[in-house]
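Engineer: What follows is run_6.tsv; its format and atoms are TSV, C-alpha atoms.
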chain	number	residue	atom	x	y	z
U	1	MET	CA	-18.43	-12.62	6.41
U	2	GLU	CA	-18.11	-11.63	10.02
U	3	LEU	CA	-14.51	-10.66	10.59
U	4	LYS	CA	-15.39	-7.62	12.56
U	5	SER	CA	-17.62	-9.36	15.03
U	6	ASP	CA	-14.85	-11.73	16.09
U	7	ASN	CA	-12.89	-10.94	19.16
U	8	ILE	CA	-9.58	-10.30	17.51
U	9	GLN	CA	-7.60	-10.04	20.72
U	10	ASP	CA	-8.50	-13.56	21.72
U	11	ARG	CA	-7.04	-15.15	18.64
U	12	PRO	CA	-3.50	-16.35	18.26
U	13	GLU	CA	-1.13	-13.83	16.69
U	14	GLN	CA	-0.68	-15.58	13.37
U	15	GLN	CA	-4.40	-15.65	12.80
U	16	GLN	CA	-4.59	-12.00	13.76
U	17	GLN	CA	-2.04	-11.16	11.10
U	18	GLN	CA	-3.95	-13.16	8.55
U	19	MET	CA	-7.16	-11.39	9.41
U	20	GLN	CA	-5.51	-8.01	9.19
U	21	GLN	CA	-4.14	-8.92	5.82
U	22	GLN	CA	-7.59	-10.00	4.73
U	23	GLN	CA	-9.07	-6.73	5.88
U	24	GLN	CA	-6.38	-4.85	4.03
U	25	GLU	CA	-7.15	-6.84	0.93
U	26	GLN	CA	-10.80	-6.06	1.34
U	27	GLN	CA	-10.02	-2.37	1.36
U	28	GLU	CA	-7.72	-2.69	-1.61
U	29	GLN	CA	-10.39	-4.61	-3.44
U	30	GLN	CA	-12.67	-1.66	-3.04
U	31	HIS	CA	-10.14	0.64	-4.61
U	32	PHE	CA	-9.11	-1.18	-7.70
U	33	HIS	CA	-8.29	1.32	-10.36
U	34	VAL	CA	-9.60	0.72	-13.85
U	35	LEU	CA	-8.44	2.57	-16.93
U	36	ALA	CA	-11.35	2.72	-19.38
U	37	VAL	CA	-10.71	3.50	-23.03
U	38	ASP	CA	-13.57	4.25	-25.43
U	39	ASP	CA	-14.11	6.85	-28.13
U	40	SER	CA	-17.86	6.99	-27.51
U	41	VAL	CA	-18.90	9.52	-24.89
U	42	ILE	CA	-22.02	7.53	-24.05
U	43	ASP	CA	-20.16	4.28	-23.60
U	44	ARG	CA	-17.57	6.02	-21.43
U	45	LYS	CA	-20.28	7.37	-19.19
U	46	LEU	CA	-21.96	4.00	-18.97
U	47	LEU	CA	-18.75	2.17	-18.25
U	48	GLU	CA	-17.73	4.69	-15.66
U	49	LYS	CA	-21.05	4.26	-13.89
U	50	LEU	CA	-20.93	0.47	-14.05
U	51	LEU	CA	-17.47	0.49	-12.53
U	52	LYS	CA	-18.25	3.07	-9.87
U	53	VAL	CA	-21.38	1.21	-8.82
U	54	SER	CA	-19.12	-1.80	-8.37
U	55	SER	CA	-16.84	0.31	-6.14
U	56	TYR	CA	-13.92	0.68	-8.48
U	57	GLN	CA	-11.96	3.82	-9.13
U	58	VAL	CA	-12.18	4.79	-12.77
U	59	THR	CA	-10.16	6.88	-15.17
U	60	CYS	CA	-11.71	7.34	-18.61
U	61	VAL	CA	-9.84	8.31	-21.75
U	62	ASP	CA	-11.16	8.62	-25.25
U	63	SER	CA	-8.38	7.05	-27.29
U	64	GLY	CA	-5.57	4.52	-27.31
U	65	ASP	CA	-3.04	7.33	-27.55
U	66	LYS	CA	-4.41	8.98	-24.45
U	67	ALA	CA	-4.28	5.63	-22.68
U	68	LEU	CA	-0.63	5.18	-23.57
U	69	GLU	CA	0.07	8.72	-22.49
U	70	TYR	CA	-1.59	8.03	-19.17
U	71	LEU	CA	0.49	4.90	-18.69
U	72	GLY	CA	3.65	6.79	-19.54
U	73	LEU	CA	4.24	4.71	-22.63
U	74	LEU	CA	3.74	7.26	-25.36
U	75	ASN	CA	7.34	8.28	-25.86
U	76	ASN	CA	8.82	4.89	-25.16
U	77	LEU	CA	8.34	2.74	-28.19
U	78	ASP	CA	10.03	-0.24	-26.67
U	79	CYS	CA	9.06	-0.76	-23.13
U	80	HIS	CA	10.20	-4.29	-22.56
U	81	SER	CA	11.55	-5.03	-19.15
U	82	THR	CA	15.14	-4.80	-20.23
U	83	SER	CA	17.42	-2.96	-17.89
U	84	SER	CA	17.78	0.12	-20.07
U	85	SER	CA	14.14	0.91	-20.73
U	86	SER	CA	12.64	-0.43	-17.54
U	87	SER	CA	13.74	2.57	-15.56
U	88	CYS	CA	11.90	5.08	-17.73
U	89	SER	CA	8.71	3.08	-18.10
U	90	GLN	CA	8.62	2.20	-14.46
U	91	SER	CA	8.94	5.78	-13.38
U	92	SER	CA	5.22	6.30	-13.73
U	93	GLN	CA	4.70	3.21	-11.62
U	94	GLN	CA	7.12	4.50	-9.06
U	95	GLU	CA	5.18	7.73	-8.90
U	96	GLY	CA	2.42	5.63	-7.43
U	97	LEU	CA	0.31	5.21	-10.53
U	98	LYS	CA	-1.68	2.08	-9.98
U	99	VAL	CA	-3.75	0.50	-12.69
U	100	ASN	CA	-5.33	-2.82	-11.91
U	101	LEU	CA	-7.26	-3.32	-15.09
U	102	ILE	CA	-7.55	-1.82	-18.54
U	103	MET	CA	-10.86	-1.99	-20.36
U	104	THR	CA	-10.80	-0.94	-23.95
U	105	ASP	CA	-13.20	-0.69	-26.85
U	106	PHE	CA	-12.07	-2.55	-29.94
U	107	CYS	CA	-13.22	-0.21	-32.71
U	108	MET	CA	-11.70	3.19	-32.24
U	109	PRO	CA	-10.47	5.72	-34.77
U	110	GLY	CA	-6.69	5.82	-34.88
U	111	MET	CA	-5.31	3.20	-32.54
U	112	SER	CA	-7.64	0.23	-32.16
U	113	GLY	CA	-8.22	-1.62	-28.93
U	114	TYR	CA	-6.18	-4.46	-30.31
U	115	ASP	CA	-3.24	-2.16	-31.03
U	116	LEU	CA	-3.48	-0.83	-27.53
U	117	LEU	CA	-3.58	-4.36	-26.16
U	118	LYS	CA	-0.38	-5.27	-28.00
U	119	ARG	CA	1.38	-2.12	-26.86
U	120	VAL	CA	0.44	-2.74	-23.25
U	121	LYS	CA	1.44	-6.38	-23.38
U	122	GLY	CA	4.80	-5.40	-24.83
U	123	SER	CA	5.48	-2.96	-22.03
U	124	SER	CA	6.23	-2.96	-18.36
U	125	TRP	CA	2.47	-2.87	-17.80
U	126	LYS	CA	2.16	-6.31	-19.38
U	127	ASP	CA	0.93	-7.92	-16.20
U	128	VAL	CA	-2.09	-5.67	-16.01
U	129	PRO	CA	-5.13	-7.54	-17.27
U	130	VAL	CA	-6.71	-6.09	-20.38
U	131	VAL	CA	-10.35	-6.61	-21.29
U	132	VAL	CA	-11.52	-5.81	-24.81
U	133	MET	CA	-15.09	-4.76	-25.57
U	134	SER	CA	-16.96	-4.65	-28.83
U	135	SER	CA	-20.47	-4.20	-30.09
U	136	GLU	CA	-19.81	-6.82	-32.74
U	137	ASN	CA	-19.67	-10.53	-32.18
U	138	VAL	CA	-16.94	-11.55	-34.59
U	139	PRO	CA	-15.30	-14.86	-33.62
U	140	SER	CA	-12.05	-14.15	-35.44
U	141	ARG	CA	-11.81	-10.82	-33.69
U	142	ILE	CA	-12.44	-12.44	-30.35
U	143	SER	CA	-9.75	-15.10	-30.80
U	144	MET	CA	-7.32	-12.53	-32.10
U	145	CYS	CA	-7.73	-10.48	-28.95
U	146	LEU	CA	-7.55	-13.45	-26.62
U	147	GLU	CA	-4.44	-14.68	-28.38
U	148	GLY	CA	-3.03	-11.18	-28.14
U	149	GLY	CA	-3.21	-11.45	-24.38
U	150	ALA	CA	-6.64	-10.10	-23.52
U	151	GLU	CA	-8.15	-11.66	-20.44
U	152	GLU	CA	-11.67	-11.44	-21.71
U	153	PHE	CA	-13.70	-10.18	-24.59
U	154	LEU	CA	-16.99	-8.59	-23.64
U	155	LEU	CA	-19.88	-7.77	-25.90
U	156	LYS	CA	-21.47	-4.38	-25.68
U	157	PRO	CA	-23.61	-3.06	-24.30
U	158	LEU	CA	-22.06	-4.03	-21.01
U	159	GLN	CA	-24.21	-4.96	-18.05
U	160	LEU	CA	-23.64	-5.24	-14.35
U	161	SER	CA	-23.37	-9.01	-14.65
U	162	ASP	CA	-20.31	-8.58	-16.88
U	163	LEU	CA	-18.55	-6.85	-14.02
U	164	ASP	CA	-18.56	-10.10	-12.07
U	165	LYS	CA	-16.19	-11.62	-14.59
U	166	ILE	CA	-13.90	-8.65	-14.22
U	167	GLN	CA	-13.67	-9.03	-10.49
U	168	ALA	CA	-11.97	-12.40	-10.97
U	169	TYR	CA	-9.15	-10.82	-12.97
U	170	LEU	CA	-8.66	-8.08	-10.45
U	171	VAL	CA	-8.28	-10.47	-7.56
U	172	LYS	CA	-5.82	-12.44	-9.64
U	173	SER	CA	-3.79	-9.33	-10.36
U	174	LEU	CA	-3.48	-8.71	-6.66
U	175	ASP	CA	-1.11	-11.67	-6.64
U	176	HIS	CA	1.39	-9.71	-8.69
U	177	SER	CA	1.26	-6.55	-6.67
U	178	CYS	CA	1.59	-8.05	-3.21
U	179	THR	CA	5.10	-8.33	-1.92
U	180	ASN	CA	4.66	-8.30	1.83
U	181	MET	CA	1.88	-10.80	1.88
U	182	ASP	CA	2.25	-14.43	2.68
U	183	LYS	CA	4.97	-15.55	0.29
U	184	ASP	CA	4.05	-19.19	0.72
U	185	LEU	CA	0.79	-18.54	-1.04
U	186	ILE	CA	2.49	-16.81	-3.94
U	187	GLY	CA	4.79	-19.81	-4.18
U	188	ASP	CA	1.75	-22.07	-4.24
U	189	ASN	CA	0.22	-20.06	-7.05
U	190	ASN	CA	3.34	-20.39	-9.14
U	191	ASP	CA	3.23	-24.12	-8.72
U	192	ASN	CA	-0.35	-24.08	-9.87
U	193	ASP	CA	0.43	-22.47	-13.19
U	194	ASP	CA	0.78	-25.81	-14.91
U	195	ASN	CA	-1.96	-27.39	-12.94
U	196	SER	CA	-4.98	-26.20	-14.79
U	197	ASN	CA	-7.14	-29.14	-13.92
U	198	ASN	CA	-7.35	-28.69	-10.22
U	199	ASN	CA	-10.85	-28.97	-8.92
U	200	TYR	CA	-11.48	-27.04	-5.79
U	201	SER	CA	-14.76	-27.09	-3.99
U	202	GLU	CA	-14.90	-23.31	-4.18
U	203	ASP	CA	-15.19	-23.49	-7.95
U	204	SER	CA	-18.90	-24.02	-7.99
U	205	ASN	CA	-19.42	-21.09	-5.68
U	206	ASN	CA	-17.26	-18.85	-7.76
U	207	ASP	CA	-18.91	-19.65	-11.03
U	208	ASN	CA	-21.20	-16.71	-11.56
U	209	GLY	CA	-21.65	-13.70	-9.42
U	210	ASN	CA	-18.48	-13.93	-7.47
U	211	SER	CA	-19.24	-13.18	-3.87
U	212	ASN	CA	-17.21	-10.39	-2.42
U	213	ASN	CA	-16.07	-12.75	0.24
U	214	SER	CA	-12.54	-11.78	1.14
U	215	ASN	CA	-12.59	-14.54	3.66
U	216	ASN	CA	-11.96	-16.90	0.82
U	217	ASN	CA	-9.41	-14.74	-0.90
U	218	PHE	CA	-6.43	-16.91	-0.19
U	219	SER	CA	-8.10	-20.10	-1.24
U	220	LYS	CA	-9.98	-18.26	-3.99
U	221	ARG	CA	-6.75	-17.42	-5.79
U	222	LYS	CA	-6.11	-21.00	-6.69
U	223	ALA	CA	-9.69	-21.62	-7.66
U	224	ILE	CA	-9.76	-18.62	-9.92
U	225	SER	CA	-6.67	-19.46	-11.92
U	226	SER	CA	-8.04	-22.87	-12.73
U	227	GLU	CA	-11.51	-21.49	-13.27
U	228	ALA	CA	-10.27	-18.87	-15.66
U	229	THR	CA	-8.76	-21.55	-17.84
U	230	GLU	CA	-11.88	-23.66	-17.74
U	231	ARG	CA	-14.10	-20.77	-18.69
U	232	ARG	CA	-12.36	-20.04	-21.94
U	233	PRO	CA	-12.38	-22.98	-24.29
U	234	LYS	CA	-11.07	-20.73	-27.03
U	235	MET	CA	-7.83	-20.39	-25.17
U	236	LYS	CA	-6.60	-23.84	-26.12
U	237	GLY	CA	-2.94	-23.80	-26.75
U	238	VAL	CA	-2.56	-20.25	-25.57
U	239	ALA	CA	-0.62	-19.42	-22.44
U	240	VAL	CA	-2.82	-18.11	-19.69
U	241	ILE	CA	-1.35	-15.03	-18.14
U	242	VAL	CA	-1.42	-15.64	-14.44
I	243	MET	CA	-51.31	16.38	-8.46
I	244	ASP	CA	-52.46	12.83	-8.02
I	245	VAL	CA	-49.15	11.06	-7.59
I	246	VAL	CA	-50.63	7.61	-7.82
I	247	LYS	CA	-52.27	8.48	-11.11
I	248	LEU	CA	-49.05	9.92	-12.43
I	249	GLN	CA	-47.10	6.89	-11.39
I	250	LYS	CA	-49.57	4.64	-13.12
I	251	GLN	CA	-49.39	6.80	-16.20
I	252	LEU	CA	-45.63	6.49	-16.10
I	253	VAL	CA	-45.63	2.75	-15.67
I	254	ASP	CA	-48.11	2.33	-18.52
I	255	TYR	CA	-46.25	4.69	-20.78
I	256	ARG	CA	-42.96	3.03	-20.12
I	257	ALA	CA	-44.51	-0.40	-20.72
I	258	SER	CA	-45.79	0.76	-24.09
I	259	LEU	CA	-42.33	1.91	-25.10
I	260	TYR	CA	-40.99	-1.56	-24.47
I	261	HIS	CA	-43.97	-3.18	-26.09
I	262	GLU	CA	-43.54	-1.17	-29.26
I	263	ALA	CA	-39.79	-1.89	-29.22
I	264	PHE	CA	-38.80	1.72	-28.86
I	265	LEU	CA	-36.80	0.63	-25.88
I	266	ASP	CA	-35.28	-2.68	-24.91
I	267	GLU	CA	-33.82	-4.21	-21.75
I	268	GLN	CA	-30.68	-2.14	-22.03
I	269	PHE	CA	-32.75	0.85	-20.98
I	270	THR	CA	-33.74	-1.09	-17.87
I	271	GLN	CA	-30.05	-1.58	-17.13
I	272	LEU	CA	-29.58	2.17	-17.24
I	273	GLN	CA	-32.36	2.65	-14.74
I	274	GLU	CA	-30.84	0.04	-12.48
I	275	LEU	CA	-27.58	1.97	-12.45
I	276	GLN	CA	-29.26	5.11	-11.21
I	277	ASP	CA	-29.10	5.70	-7.48
I	278	GLU	CA	-29.41	8.44	-4.86
I	279	ASN	CA	-25.83	9.55	-5.50
I	280	ASN	CA	-26.62	10.16	-9.12
I	281	PRO	CA	-30.38	10.60	-9.45
I	282	ASP	CA	-30.14	12.16	-12.91
I	283	PHE	CA	-28.04	9.45	-14.44
I	284	VAL	CA	-30.62	8.24	-16.95
I	285	VAL	CA	-31.52	11.76	-18.03
I	286	GLU	CA	-27.83	12.58	-18.43
I	287	VAL	CA	-27.06	9.56	-20.54
I	288	VAL	CA	-30.11	10.06	-22.69
I	289	SER	CA	-29.25	13.75	-23.18
I	290	LEU	CA	-25.79	12.72	-24.30
I	291	PHE	CA	-27.42	10.34	-26.72
I	292	PHE	CA	-29.59	13.11	-28.14
I	293	GLU	CA	-26.62	15.42	-28.64
I	294	ASP	CA	-24.44	12.73	-30.12
I	295	SER	CA	-27.14	11.45	-32.45
I	296	GLU	CA	-27.99	14.87	-33.76
I	297	ARG	CA	-24.35	15.46	-34.53
I	298	LEU	CA	-24.10	12.12	-36.32
I	299	LEU	CA	-27.28	12.67	-38.32
I	300	ASN	CA	-25.93	16.00	-39.53
I	301	GLU	CA	-22.64	14.41	-40.49
I	302	LEU	CA	-24.49	11.66	-42.32
I	303	ALA	CA	-26.62	14.12	-44.26
I	304	LYS	CA	-23.50	16.04	-45.27
I	305	ALA	CA	-21.57	12.93	-46.24
I	306	LEU	CA	-24.41	11.66	-48.41
I	307	GLU	CA	-24.77	15.00	-50.17
I	308	GLN	CA	-21.26	14.80	-51.56
I	309	GLN	CA	-20.63	14.36	-55.27
I	310	SER	CA	-18.45	11.42	-54.56
I	311	ILE	CA	-19.68	9.69	-51.44
I	312	ASP	CA	-17.15	8.35	-49.00
I	313	PHE	CA	-18.96	5.21	-47.89
I	314	LYS	CA	-16.33	4.36	-45.34
I	315	ARG	CA	-17.00	7.63	-43.62
I	316	VAL	CA	-20.73	7.13	-43.80
I	317	ASP	CA	-20.32	3.65	-42.37
I	318	ALA	CA	-18.17	4.96	-39.54
I	319	HIS	CA	-20.89	7.40	-38.51
I	320	VAL	CA	-23.60	4.76	-38.72
I	321	HIS	CA	-21.45	2.42	-36.67
I	322	GLN	CA	-21.23	5.07	-33.96
I	323	LEU	CA	-24.96	5.69	-34.04
I	324	LYS	CA	-25.64	1.99	-33.88
I	325	GLY	CA	-23.36	1.69	-30.87
I	326	SER	CA	-24.84	4.54	-28.92
I	327	SER	CA	-28.44	3.58	-29.63
I	328	SER	CA	-27.64	0.06	-28.53
I	329	SER	CA	-26.03	1.35	-25.35
I	330	ILE	CA	-29.16	3.16	-24.25
I	331	GLY	CA	-31.60	0.58	-25.54
I	332	ALA	CA	-33.08	2.52	-28.46
I	333	GLN	CA	-33.86	-0.65	-30.32
I	334	ARG	CA	-35.63	0.66	-33.39
I	335	VAL	CA	-32.88	3.15	-34.14
I	336	GLN	CA	-30.30	0.40	-33.75
I	337	LYS	CA	-32.17	-1.87	-36.15
I	338	VAL	CA	-32.27	0.72	-38.90
I	339	CYS	CA	-28.54	1.26	-38.43
I	340	ILE	CA	-27.90	-2.39	-39.17
I	341	THR	CA	-29.71	-2.14	-42.50
I	342	PHE	CA	-27.97	1.16	-43.14
I	343	ARG	CA	-24.55	-0.43	-42.73
I	344	ASN	CA	-25.43	-3.13	-45.23
I	345	TYR	CA	-26.23	-0.48	-47.83
I	346	CYS	CA	-22.93	1.22	-47.06
I	347	GLU	CA	-21.11	-2.00	-47.73
I	348	GLU	CA	-22.91	-2.36	-51.03
I	349	GLN	CA	-22.21	1.31	-51.75
I	350	ASN	CA	-25.89	1.66	-52.51
I	351	VAL	CA	-26.65	5.38	-52.53
I	352	GLU	CA	-30.40	5.06	-52.77
I	353	GLY	CA	-30.50	2.53	-49.99
I	354	CYS	CA	-28.38	4.78	-47.81
I	355	LEU	CA	-30.55	7.80	-48.41
I	356	LYS	CA	-33.63	5.79	-47.60
I	357	CYS	CA	-32.07	4.57	-44.40
I	358	LEU	CA	-31.04	8.05	-43.43
I	359	GLN	CA	-34.66	9.14	-43.65
I	360	GLN	CA	-35.75	6.12	-41.69
I	361	VAL	CA	-33.19	6.55	-38.97
I	362	LYS	CA	-34.05	10.23	-38.63
I	363	HIS	CA	-37.67	9.26	-38.26
I	364	GLU	CA	-37.03	6.57	-35.67
I	365	TYR	CA	-34.71	8.84	-33.79
I	366	SER	CA	-37.25	11.64	-33.58
I	367	LEU	CA	-39.91	9.18	-32.43
I	368	VAL	CA	-37.81	7.77	-29.61
I	369	LYS	CA	-36.69	11.24	-28.64
I	370	THR	CA	-40.27	12.41	-28.27
I	371	LYS	CA	-41.19	9.32	-26.32
I	372	LEU	CA	-38.28	9.68	-23.93
I	373	GLU	CA	-38.90	13.37	-23.43
I	374	THR	CA	-42.52	12.65	-22.64
I	375	MET	CA	-41.49	10.02	-20.16
I	376	PHE	CA	-39.10	12.40	-18.45
I	377	LYS	CA	-41.87	14.97	-18.19
I	378	ILE	CA	-44.14	12.50	-16.46
I	379	LEU	CA	-41.21	11.58	-14.23
I	380	ALA	CA	-40.56	15.18	-13.35
I	381	ALA	CA	-44.18	15.72	-12.47
I	382	GLY	CA	-44.63	12.53	-10.51
I	383	GLY	CA	-41.32	11.87	-8.82
I	384	SER	CA	-39.59	8.51	-9.01
I	385	ILE	CA	-40.24	5.53	-11.18
I	386	PRO	CA	-41.57	2.71	-9.05
I	387	MET	CA	-39.29	-0.22	-9.79
Can you give me the file's structure in the form of structure tokens?

Structural biologist:
Amino acid sequence: MELKSDNIQDRPEQQQQQMQQQQQEQQEQQHFHVLAVDDSVIDRKLLEKLLKVSSYQVTCVDSGDKALEYLGLLNNLDCHSTSSSSSCSQSSQQEGLKVNLIMTDFCMPGMSGYDLLKRVKGSSWKDVPVVVMSSENVPSRISMCLEGGAEEFLLKPLQLSDLDKIQAYLVKSLDHSCTNMDKDLIGDNNDNDDNSNNNYSEDSNNDNGNSNNSNNNFSKRKAISSEATERRPKMKGVAVIV
Amino acid sequence: MDVVKLQKQLVDYRASLYHEAFLDEQFTQLQELQDENNPDFVVEVVSLFFEDSERLLNELAKALEQQSIDFKRVDAHVHQLKGSSSSIGAQRVQKVCITFRNYCEEQNVEGCLKCLQQVKHEYSLVKTKLETMFKILAAGGSIPM
């Protein structure tokens, strides 16, 4: 990707704006903030390193309760986006707390990763993608988590290649946080929600090892929402959170 | 200090650890995560593993000494040990943990005690091996990848 080598001044204004937006996105991409939840000190250290190596910001906590506390959800049992409770649960968001992804272990003493998942999905943080991890490959557990709203279920021990899958969800979540960006594109994405069978040429490129190519970000958004559905056959009949 | 000799010694030693299944590819992953910003990453993670394992082994010994054994508690500890050994690639320790958990499920005291001895043994073996490897590392510098 050679944005910087182009002569920006020579390009028409609209393109300039687009390029600036792309550059901004690139920077934001590098500062995605992940909340990692795991009771094992070794797994926390590993996960933190994996995420940092992939240029994400990381906050690690050792329990579901601590995660809820961090998200400002501990004292608010019902954090649905109704008018009364939305103000208190959004206050932590208004303070500038940004969480782009939550990664949680499944088996934890006290609150399990699944419990945490349900709490998050029932709160004002429901649009934040949640990834569940486990050392055990139990199909019923996996479907339970996916049906509970988890984006992905990863088997431990995690490897760098698993982080590629995560990147897809983070780019997707950028759709929800952008307000000033090209609204036409957001409109397009909404139209695509029902259109899970779109085949874009970018799909094959995006399959494994997503390139960090922000150039394709705008077109990548569409490809990823359809790709995400295709990649998870177990999600039949379950609404994909886009 | 003949660095080349040391490096060869290191490579050979490390290869033997994989060959004898003390370590598996997860350990390689750890090494791949290490970089100039964090040159002690592997040593740090492994040290955490040592501390954590020793704590768990003590807890296991205590739990199995009880008059009335709480197998759920024993299982929880073994589960943790299995997880951490898997995370650093200590394959033989992990394997014993799997058997150990089966005995917990069956509430088989003898089986559990046997496994405890086995897991202690495997743990001390891999600990010695890793410590030796770190010594060679310290003497010779970096691991040629």

Engineer: As a list in words, please: the residues near Ala318 (chain I) (cut-off 10 Å, all atoms listed in the file, same-chain neighbours under 6 positions excluded).

Structural biologist: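 After dropping sequence-adjacent residues, the list is Cys107, Met108 and Pro109 of chain U; Leu298, Leu302, Lys324, Arg343 and Cys346 of chain I.
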
Engineer: Contacts from chain U to chain I, 9 Å maximum, only C-alpha atoms: show me the residue list as a list in words.

Structural biologist: Ser40, Val41, Ile42, Asp43, Lys45, Leu46, Lys49, Leu50, Val53, Ser135, Lys156, Pro157, Leu158, Gln159 and Leu160 of chain U

Engineer: Excluding same-chain residues fewer than 3 positions from region 247-261 of chain I, what lies within 12 Å of it counting all atoms listed in the file, as number ranges by chain?

Structural biologist: I: 243-244, 264-270, 273, 331-334, 367-387

Engineer: Go ahead and compute the interatomic distance for CA of Leu155 (chain U) and CA of Ile102 (chain U), in Å to one decimal.

Structural biologist: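 Going from CA of Leu155 (chain U) over to CA of Ile102 (chain U) covers 15.5 Å.
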
Engineer: Expressed in Å to a single decimal, how great is the separation between CA of Val99 (chain U) and CA of Ala67 (chain U)?

Structural biologist: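 Rounded to one decimal, the two atoms are 11.2 Å apart.
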
Engineer: Using all atoms listed in the file, which residue out of I:Glu296, I:Gln336, I:Pro281, I:Val351 lies closest to Ile311 (chain I)?

Structural biologist: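 Smallest distance to Ile311 (chain I) is found for I:Val351.
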
Engineer: Please provide as a PyMOL selection string all residues within 8 Å of region 112-114 of chain U, with the sequence filter that same-chain residues fewer than 6 positions apart are discarded (counting all atoms listed in the file).

Structural biologist: chain U and resi 64+104-106+132+145+148

Engineer: What does the distance between CA of Leu117 (chain U) and CA of His31 (chain U) come to in Å, to one decimal place?

Structural biologist: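 CA of Leu117 (chain U) sits 23.1 Å away from CA of His31 (chain U).
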
Engineer: So which one's closest to Lys356 (chain I), I:Leu306, I:Lys314, I:Asp282, I:Glu262? Using all atoms listed in the file, please.

Structural biologist: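 So, comparing all the options, the nearest one is I:Leu306.
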
Engineer: Quick one: everything within 10 Å of Val120 (chain U), counting only C-alpha atoms, minus sequence neighbours fewer than 3 positions away in the same chain. Send it as a list of chain:residue names.

Structural biologist: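 The neighbour list is U:Ala67, U:Leu68, U:Leu71, U:Leu73, U:Cys79, U:His80, U:Ile102, U:Tyr114, U:Asp115, U:Leu116, U:Leu117, U:Ser123, U:Ser124, U:Trp125, U:Lys126, U:Asp127, U:Val128, U:Pro129, U:Val130, U:Gly149.
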
Engineer: Reconstruct all heavy atoms of region 137-141 of chain U; output as a short mmCIF file (atom, residue, chain, number, x, y, z; two decimals), in the frame of the given file.

Structural biologist:
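selection-v6.cif, written as the output of this step:
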data_model
loop_
_atom_site.label_atom_id
_atom_site.label_comp_id
_atom_site.auth_asym_id
_atom_site.auth_seq_id
_atom_site.Cartn_x
_atom_site.Cartn_y
_atom_site.Cartn_z
N ASN U 137 -20.03 -9.17 -32.57
CA ASN U 137 -19.67 -10.53 -32.18
C ASN U 137 -18.98 -11.23 -33.35
O ASN U 137 -19.60 -11.95 -34.12
CB ASN U 137 -20.95 -11.27 -31.77
CG ASN U 137 -20.65 -12.57 -31.07
OD1 ASN U 137 -19.51 -13.03 -31.06
ND2 ASN U 137 -21.67 -13.17 -30.48
N VAL U 138 -17.69 -10.97 -33.47
CA VAL U 138 -16.94 -11.55 -34.59
C VAL U 138 -15.93 -12.55 -34.04
O VAL U 138 -14.94 -12.15 -33.43
CB VAL U 138 -16.19 -10.44 -35.38
CG1 VAL U 138 -15.42 -11.03 -36.54
CG2 VAL U 138 -17.16 -9.36 -35.86
N PRO U 139 -16.17 -13.84 -34.23
CA PRO U 139 -15.30 -14.86 -33.62
C PRO U 139 -13.82 -14.67 -33.90
O PRO U 139 -13.00 -14.85 -33.00
CB PRO U 139 -15.83 -16.17 -34.23
CG PRO U 139 -17.24 -15.88 -34.57
CD PRO U 139 -17.30 -14.44 -34.97
N SER U 140 -13.48 -14.30 -35.13
CA SER U 140 -12.05 -14.15 -35.44
C SER U 140 -11.45 -12.99 -34.66
O SER U 140 -10.31 -13.02 -34.22
CB SER U 140 -11.84 -13.93 -36.94
OG SER U 140 -12.59 -12.82 -37.38
N ARG U 141 -12.27 -11.98 -34.46
CA ARG U 141 -11.81 -10.82 -33.69
C ARG U 141 -11.58 -11.22 -32.23
O ARG U 141 -10.60 -10.84 -31.60
CB ARG U 141 -12.86 -9.72 -33.78
CG ARG U 141 -12.56 -8.48 -32.98
CD ARG U 141 -13.69 -7.50 -33.04
NE ARG U 141 -13.89 -6.94 -34.38
CZ ARG U 141 -14.79 -5.99 -34.67
NH1 ARG U 141 -15.55 -5.51 -33.72
NH2 ARG U 141 -14.92 -5.55 -35.89
#
